Amino acid sequence: MQIIQHKVEANALLLETSTGRIKLEPYSSKNIRIRYTLADEFSAQASLMIVGVPDPQVSFTVEEKESHLLFSTADLTIRIAKKTGAFTYLDASGAVLTKEPDHSGKTLVPVDVMKSVFDESASIEAGQGADGLRVRADNVKKVRDRKAFHTKLAFEWMEGEALYGLGSHEEGVMNLRGTHQYLYQQNMKAVVPVLVSTRGYGIIVDSYAMMTFRDDAFGSYIWTEVDDEMDFYFILGPEMDSIVRGVRQLTGKAPMLPKWSFGYIQSKERYTSQEELVAVVREYRERGLPLDCIVLDWKSWTGELWGQKTLDPERFPDPKGMVEQLHGMNTRLMVSIWPIMNPQSDNNKEMKENGCLLGNQATYDAFQEKGRQLYWKQANEGLFAHGIDAWWCDCTEPFEADWQGAVKPEPEQRMLINTEEAKLYLDPGLINAYSLLHSKGIYEGQRQTTESKRVVNLTRSAYAGQHRYGTITWSGDIAANWETLRRQIPAGLNFCATGAPYWTVDIGAFFVQNKPDLWFWSGDYNEGIQDMGYRELYARWFQYGAFLPMFRSHGTDTPREVWRFGEPGEPVYEAIVKFLRLRYQLLPYIYSVSAQVFQEDYTLMRALSFDFRHDPHTYNIGDQFMFGPAFLVNPVTEPMYYHVGSELLEDVKKTRNVYLPQGNAWYDFWTSHVYEGGQTIEVEAPLDRIPLFVKAGSIVPMSGMIQYAEERTNSNIQLHIYSGQNCTFVYYEDEGDNYNYEQGGFASISMVWEEERRTLILHERVGSYPGMSPNQIFHVTLFGSREGGGLLREAGKETHIHYDGNYTEVQF
């Protein structure tokens, strides 16, 4: 590719090359859109993921040199080789961030795009899959629809550079270097086409086709199967939070979730009646166990009318009364809904009458605005009108086809099986976008119906931009074993690195038992909760789950309520309850940080590189993470007490190794002992404890013992100050579950610790909201003291602050 000529336009640089046209358009001084086409004009098709627009105030320069062009903003320069068109990306100091191969990194290969024709020869066949109704079409004709391109964007990544992102994948790889990944939607595969680098940049690929990422013997590149042109964004950080901010500037803000959604959510497969739901919640309350939501999983409809968005009147005779009972116990209700509907159901028939079904005549067409509006109308009339609080949009990759048989297909087979099935019903260039559009319909529908409830949508698939619709993605139908638990941690960290902040898992795994005739039903514990080995695994999974954005238990094969794992006084029960209560103590911290997710584009669940990018020892650590700015979480992912079958383990250490990142001192949360960073230590990890550290220079607001998230604690907020360096924290409050915060209906208090003066400052409260208490009591505990230049453990010094909203200082 040779650069023939270039033209500087008002808001872009246009390159005419020997093989097509390239446009560089700055959206900000750090975000550059790059497009490459072989057509005479660039595509006018609106993006489904990008909602940001170019800043008309951003300026750029183009400088011509003998061998190259320099396209520069205030923060970023792209050097373009005239002979090959290869791009090199540099920061403002001239340091290379990344580059394309010298022979050019952008390739378009023409391809015919086929579409399905559903005529009288096509046949429809319905059946039951592992996760619900499946309806597929056979004898479908294919005809040529248009010409498009395979796109290939190649890089020469730097030695020592780590890459993260691409979504949540079951393999549990942390650093993506030296690996490859197929990007298509699937149970246990939630795709987000965003890469972030420890060298300080990110890439968003604006494509909805099947994609491949490679960094192996076949090359280092991102390939897309069907696109009209190459379209991607280069984002300069350099810090990870800045990259995520750039991603959200382009793909949209993450709205606030309601306060209750950060509490504990009890689910299983499945609660079968109104009576059972209410009874379970009542028992939580009687036992004094915190709870905020219970989940009604599949088959809540009548008989076999799969996907019908109404409740079976025999088992749920009074939906409105049921919800009122649950609300009376300060508990919310989440209900699962499906994009696929039994052809005999009223919902399906209405969709068909309005031309809103895809070719299998069972899955609604989320790409039609009319289809999304009708889907919401049905969900609203059948469920939301009764007062339900949250959606579980299950099976949002509705065309999976390989969850059958005793042998798991090879990765390439799985990719072909599933993408070919999706391409029967969807344009090949859109097969990754179904969940994005489905989520859009739920969010827009609910917000048009009411502003009094924030949208909560737990969904199994994802895509770039989906976070702006109030979604939380979970990792799919995983199986109960220690290896799966280990893999969940890097899967979630890579997902959150893409700018999508809310992710979770089925605590304890969905499949617990083993069914040899089904490859995915591969848990290790056929005795379920009767197996002490499973109880230990569940306790460790629960401890990990207490530090996820959404804290939710779910699964089949065995019950999941807390009391199923023992009685008070028994070790597993006590271990679970300890972390359940700890989660609720941390809710003031968690909710304040969630406000930063919205206001500052922050990330709650953080790969270590987010905070310690300059410490390369952190790059490949996939079993430790930061939870907000303060907590270093180190889940236990090995059995210490029991084999499968309740067989006692012998001579196993009850410890795990923890790397403490450089540049900070660290407090052991349980003992307050202080350690210097930059070392690996062996830490005690008995059943009721995981290694948990707090970064020196942290302010952590905590509550007393509460039973639900919105239980008022204005007089019982504890501030834990972990001294060691200057720090700030913004304490946040609002009404908890409406959108008034978007118009300023919230209050925040900037809290500052000044290390040199040993002084805590509470600045004047900013803002207010209905129901706010003007006065608060903060119980302050200070950890750590300075002696001889070092930070020492010290018994916590305590004081009380009566805060009336005005500037307050307390010196220790």
# chains A, B, ... in the order shown; residues from 1 in each chain; ligands from 1
call {"tool": "residues_around", "arguments": {"residues": "region 548-552 of chain A", "least_positions_apart": "5", "cutoff": "7 Å", "atoms": "only C-alpha atoms", "output": "PDB file with N, CA, C and O atoms, in the first residue's frame"}}
result
ATOM      1  N   SER A 261     -28.762  -3.588  44.324  1.00  0.00           N
ATOM      2  CA  SER A 261     -28.137  -4.570  43.432  1.00  0.00           C
ATOM      3  C   SER A 261     -26.718  -4.925  43.846  1.00  0.00           C
ATOM      4  O   SER A 261     -26.142  -5.882  43.325  1.00  0.00           O
ATOM      5  N   PHE A 262     -26.150  -4.172  44.799  1.00  0.00           N
ATOM      6  CA  PHE A 262     -24.821  -4.499  45.314  1.00  0.00           C
ATOM      7  C   PHE A 262     -24.901  -5.368  46.576  1.00  0.00           C
ATOM      8  O   PHE A 262     -23.877  -5.752  47.126  1.00  0.00           O
ATOM      9  N   GLY A 263     -26.126  -5.644  47.019  1.00  0.00           N
ATOM     10  CA  GLY A 263     -26.304  -6.580  48.114  1.00  0.00           C
ATOM     11  C   GLY A 263     -26.283  -8.016  47.607  1.00  0.00           C
ATOM     12  O   GLY A 263     -25.902  -8.292  46.469  1.00  0.00           O
ATOM     13  N   TYR A 264     -26.714  -8.942  48.448  1.00  0.00           N
ATOM     14  CA  TYR A 264     -26.679 -10.355  48.087  1.00  0.00           C
ATOM     15  C   TYR A 264     -27.942 -10.744  47.321  1.00  0.00           C
ATOM     16  O   TYR A 264     -29.061 -10.373  47.692  1.00  0.00           O
ATOM     17  N   ILE A 265     -27.741 -11.511  46.245  1.00  0.00           N
ATOM     18  CA  ILE A 265     -28.827 -11.956  45.378  1.00  0.00           C
ATOM     19  C   ILE A 265     -28.885 -13.477  45.421  1.00  0.00           C
ATOM     20  O   ILE A 265     -27.924 -14.156  45.048  1.00  0.00           O
ATOM     21  N   GLN A 266     -30.018 -13.998  45.909  1.00  0.00           N
ATOM     22  CA  GLN A 266     -30.190 -15.451  46.053  1.00  0.00           C
ATOM     23  C   GLN A 266     -30.937 -15.995  44.845  1.00  0.00           C
ATOM     24  O   GLN A 266     -32.021 -15.545  44.509  1.00  0.00           O
ATOM     25  N   TYR A 502     -19.546  -4.079  34.938  1.00  0.00           N
ATOM     26  CA  TYR A 502     -20.326  -4.944  35.828  1.00  0.00           C
ATOM     27  C   TYR A 502     -20.366  -6.377  35.308  1.00  0.00           C
ATOM     28  O   TYR A 502     -20.892  -6.646  34.225  1.00  0.00           O
ATOM     29  N   TRP A 503     -19.820  -7.281  36.114  1.00  0.00           N
ATOM     30  CA  TRP A 503     -19.640  -8.687  35.733  1.00  0.00           C
ATOM     31  C   TRP A 503     -19.791  -9.542  36.973  1.00  0.00           C
ATOM     32  O   TRP A 503     -19.502  -9.111  38.093  1.00  0.00           O
ATOM     33  N   THR A 504     -20.264 -10.781  36.774  1.00  0.00           N
ATOM     34  CA  THR A 504     -20.400 -11.681  37.913  1.00  0.00           C
ATOM     35  C   THR A 504     -20.374 -13.132  37.452  1.00  0.00           C
ATOM     36  O   THR A 504     -20.217 -13.417  36.258  1.00  0.00           O
ATOM     37  N   ASP A 506     -21.934 -17.394  38.550  1.00  0.00           N
ATOM     38  CA  ASP A 506     -22.765 -18.255  39.388  1.00  0.00           C
ATOM     39  C   ASP A 506     -21.891 -18.750  40.542  1.00  0.00           C
ATOM     40  O   ASP A 506     -21.029 -19.617  40.341  1.00  0.00           O
ATOM     41  N   ILE A 507     -22.100 -18.210  41.735  1.00  0.00           N
ATOM     42  CA  ILE A 507     -21.319 -18.692  42.884  1.00  0.00           C
ATOM     43  C   ILE A 507     -21.631 -20.171  43.089  1.00  0.00           C
ATOM     44  O   ILE A 507     -22.790 -20.566  43.179  1.00  0.00           O
ATOM     45  N   MET A 605     -13.784  -3.504  39.541  1.00  0.00           N
ATOM     46  CA  MET A 605     -12.994  -4.745  39.621  1.00  0.00           C
ATOM     47  C   MET A 605     -11.813  -4.598  38.669  1.00  0.00           C
ATOM     48  O   MET A 605     -11.984  -4.508  37.459  1.00  0.00           O
TER      49      MET A 605
END
call {"tool": "residues_around", "arguments": {"residues": "Glu41 (chain A)", "least_positions_apart": "3", "cutoff": "10 Å", "atoms": "only C-alpha atoms", "output": "number ranges by chain"}}
result
A: 20-21, 37-38, 44
call {"tool": "residues_around", "arguments": {"residues": "region 80-85 of chain A", "least_positions_apart": "5", "cutoff": "6 Å", "atoms": "only C-alpha atoms", "output": "MDAnalysis selection string"}}
result
chainID A and resid 1:3 67:69 103:104
call {"tool": "write_last_selection", "arguments": {"atoms": "C-alpha atoms", "output": "PDB file, in the first residue's frame"}}
result
ATOM      1  CA  MET A   1       0.000   0.000   0.000  1.00  0.00           C
ATOM      2  CA  GLN A   2       1.598   3.231  -1.152  1.00  0.00           C
ATOM      3  CA  ILE A   3       0.387   6.678  -0.111  1.00  0.00           C
ATOM      4  CA  SER A  67       9.498   9.200   3.933  1.00  0.00           C
ATOM      5  CA  HIS A  68       6.429   9.679   6.054  1.00  0.00           C
ATOM      6  CA  LEU A  69       3.555  11.852   7.238  1.00  0.00           C
ATOM      7  CA  HIS A 103       5.046  -3.875   5.131  1.00  0.00           C
ATOM      8  CA  SER A 104       1.676  -2.356   6.222  1.00  0.00           C
TER       9      SER A 104
END
call {"tool": "residues_around", "arguments": {"residues": "Glu420 (chain A)", "least_positions_apart": "6", "cutoff": "10 Å", "atoms": "only C-alpha atoms", "output": "count of residues only"}}
result
7
call {"tool": "atom_distance", "arguments": {"atom1": "CA of Met158 (chain A)", "atom2": "CA of Asp102 (chain A)"}}
result
14.2 Å
call {"tool": "select_by_dssp", "arguments": {"residues": "region 155-286 of chain A", "states": "helix (DSSP H, G or I)", "output": "list in words"}}
result
Met240, Asp241, Ser242, Ile243, Val244, Arg245, Gly246, Val247, Arg248, Gln249, Leu250, Thr251, Lys259, Trp260, Ser261, Phe262, Gln274, Glu275, Glu276, Leu277, Val278, Ala279, Val280, Val281, Arg282, Glu283, Tyr284, Arg285 and Glu286 of chain A
call {"tool": "closest_residue", "arguments": {"among": "A:Ala86, A:Met230, A:Val633, A:Ala46", "to": "Arg33 (chain A)", "atoms": "only C-alpha atoms"}}
result
A:Met230
call {"tool": "decode", "arguments": {"residues": "region 590-609 of chain A", "atoms": "N, CA and C atoms", "output": "mmCIF file, in the first residue's frame"}}
result
data_model
loop_
_atom_site.group_PDB
_atom_site.id
_atom_site.type_symbol
_atom_site.label_atom_id
_atom_site.label_comp_id
_atom_site.auth_asym_id
_atom_site.auth_seq_id
_atom_site.Cartn_x
_atom_site.Cartn_y
_atom_site.Cartn_z
ATOM 1 N N ILE A 590 -18.570 0.348 48.542
ATOM 2 C CA ILE A 590 -18.885 -0.155 47.206
ATOM 3 C C ILE A 590 -19.794 0.819 46.466
ATOM 4 N N TYR A 591 -20.812 1.324 47.151
ATOM 5 C CA TYR A 591 -21.753 2.217 46.473
ATOM 6 C C TYR A 591 -21.095 3.549 46.116
ATOM 7 N N SER A 592 -20.222 4.035 46.974
ATOM 8 C CA SER A 592 -19.481 5.253 46.650
ATOM 9 C C SER A 592 -18.591 5.046 45.430
ATOM 10 N N VAL A 593 -17.942 3.888 45.362
ATOM 11 C CA VAL A 593 -17.099 3.599 44.197
ATOM 12 C C VAL A 593 -17.957 3.439 42.941
ATOM 13 N N SER A 594 -19.158 2.863 43.090
ATOM 14 C CA SER A 594 -20.032 2.727 41.917
ATOM 15 C C SER A 594 -20.433 4.089 41.372
ATOM 16 N N ALA A 595 -20.527 5.097 42.243
ATOM 17 C CA ALA A 595 -20.786 6.454 41.763
ATOM 18 C C ALA A 595 -19.622 6.966 40.930
ATOM 19 N N GLN A 596 -18.403 6.582 41.319
ATOM 20 C CA GLN A 596 -17.240 6.970 40.515
ATOM 21 C C GLN A 596 -17.236 6.273 39.163
ATOM 22 N N VAL A 597 -17.803 5.067 39.099
ATOM 23 C CA VAL A 597 -17.939 4.384 37.808
ATOM 24 C C VAL A 597 -18.751 5.255 36.860
ATOM 25 N N PHE A 598 -19.831 5.833 37.363
ATOM 26 C CA PHE A 598 -20.659 6.703 36.530
ATOM 27 C C PHE A 598 -20.012 8.072 36.310
ATOM 28 N N GLN A 599 -19.565 8.709 37.375
ATOM 29 C CA GLN A 599 -19.114 10.094 37.275
ATOM 30 C C GLN A 599 -17.739 10.231 36.633
ATOM 31 N N GLU A 600 -16.832 9.316 36.957
ATOM 32 C CA GLU A 600 -15.437 9.440 36.513
ATOM 33 C C GLU A 600 -15.004 8.308 35.594
ATOM 34 N N ASP A 601 -15.942 7.463 35.166
ATOM 35 C CA ASP A 601 -15.623 6.314 34.297
ATOM 36 C C ASP A 601 -14.614 5.377 34.948
ATOM 37 N N TYR A 602 -14.782 5.178 36.236
ATOM 38 C CA TYR A 602 -13.900 4.325 37.021
ATOM 39 C C TYR A 602 -14.241 2.855 36.776
ATOM 40 N N THR A 603 -13.375 1.974 37.239
ATOM 41 C CA THR A 603 -13.593 0.528 37.149
ATOM 42 C C THR A 603 -13.485 -0.064 38.539
ATOM 43 N N LEU A 604 -14.522 -0.791 38.958
ATOM 44 C CA LEU A 604 -14.586 -1.330 40.316
ATOM 45 C C LEU A 604 -13.698 -2.553 40.484
ATOM 46 N N MET A 605 -13.784 -3.504 39.541
ATOM 47 C CA MET A 605 -12.994 -4.745 39.621
ATOM 48 C C MET A 605 -11.813 -4.598 38.669
ATOM 49 N N ARG A 606 -10.595 -4.600 39.220
ATOM 50 C CA ARG A 606 -9.451 -4.060 38.511
ATOM 51 C C ARG A 606 -8.294 -5.061 38.444
ATOM 52 N N ALA A 607 -7.870 -5.375 37.229
ATOM 53 C CA ALA A 607 -6.599 -6.073 37.073
ATOM 54 C C ALA A 607 -5.512 -5.227 37.733
ATOM 55 N N LEU A 608 -4.488 -5.870 38.273
ATOM 56 C CA LEU A 608 -3.467 -5.136 39.018
ATOM 57 C C LEU A 608 -2.806 -4.050 38.186
ATOM 58 N N SER A 609 -2.754 -4.226 36.860
ATOM 59 C CA SER A 609 -2.128 -3.222 36.002
ATOM 60 C C SER A 609 -2.882 -1.902 36.006
#
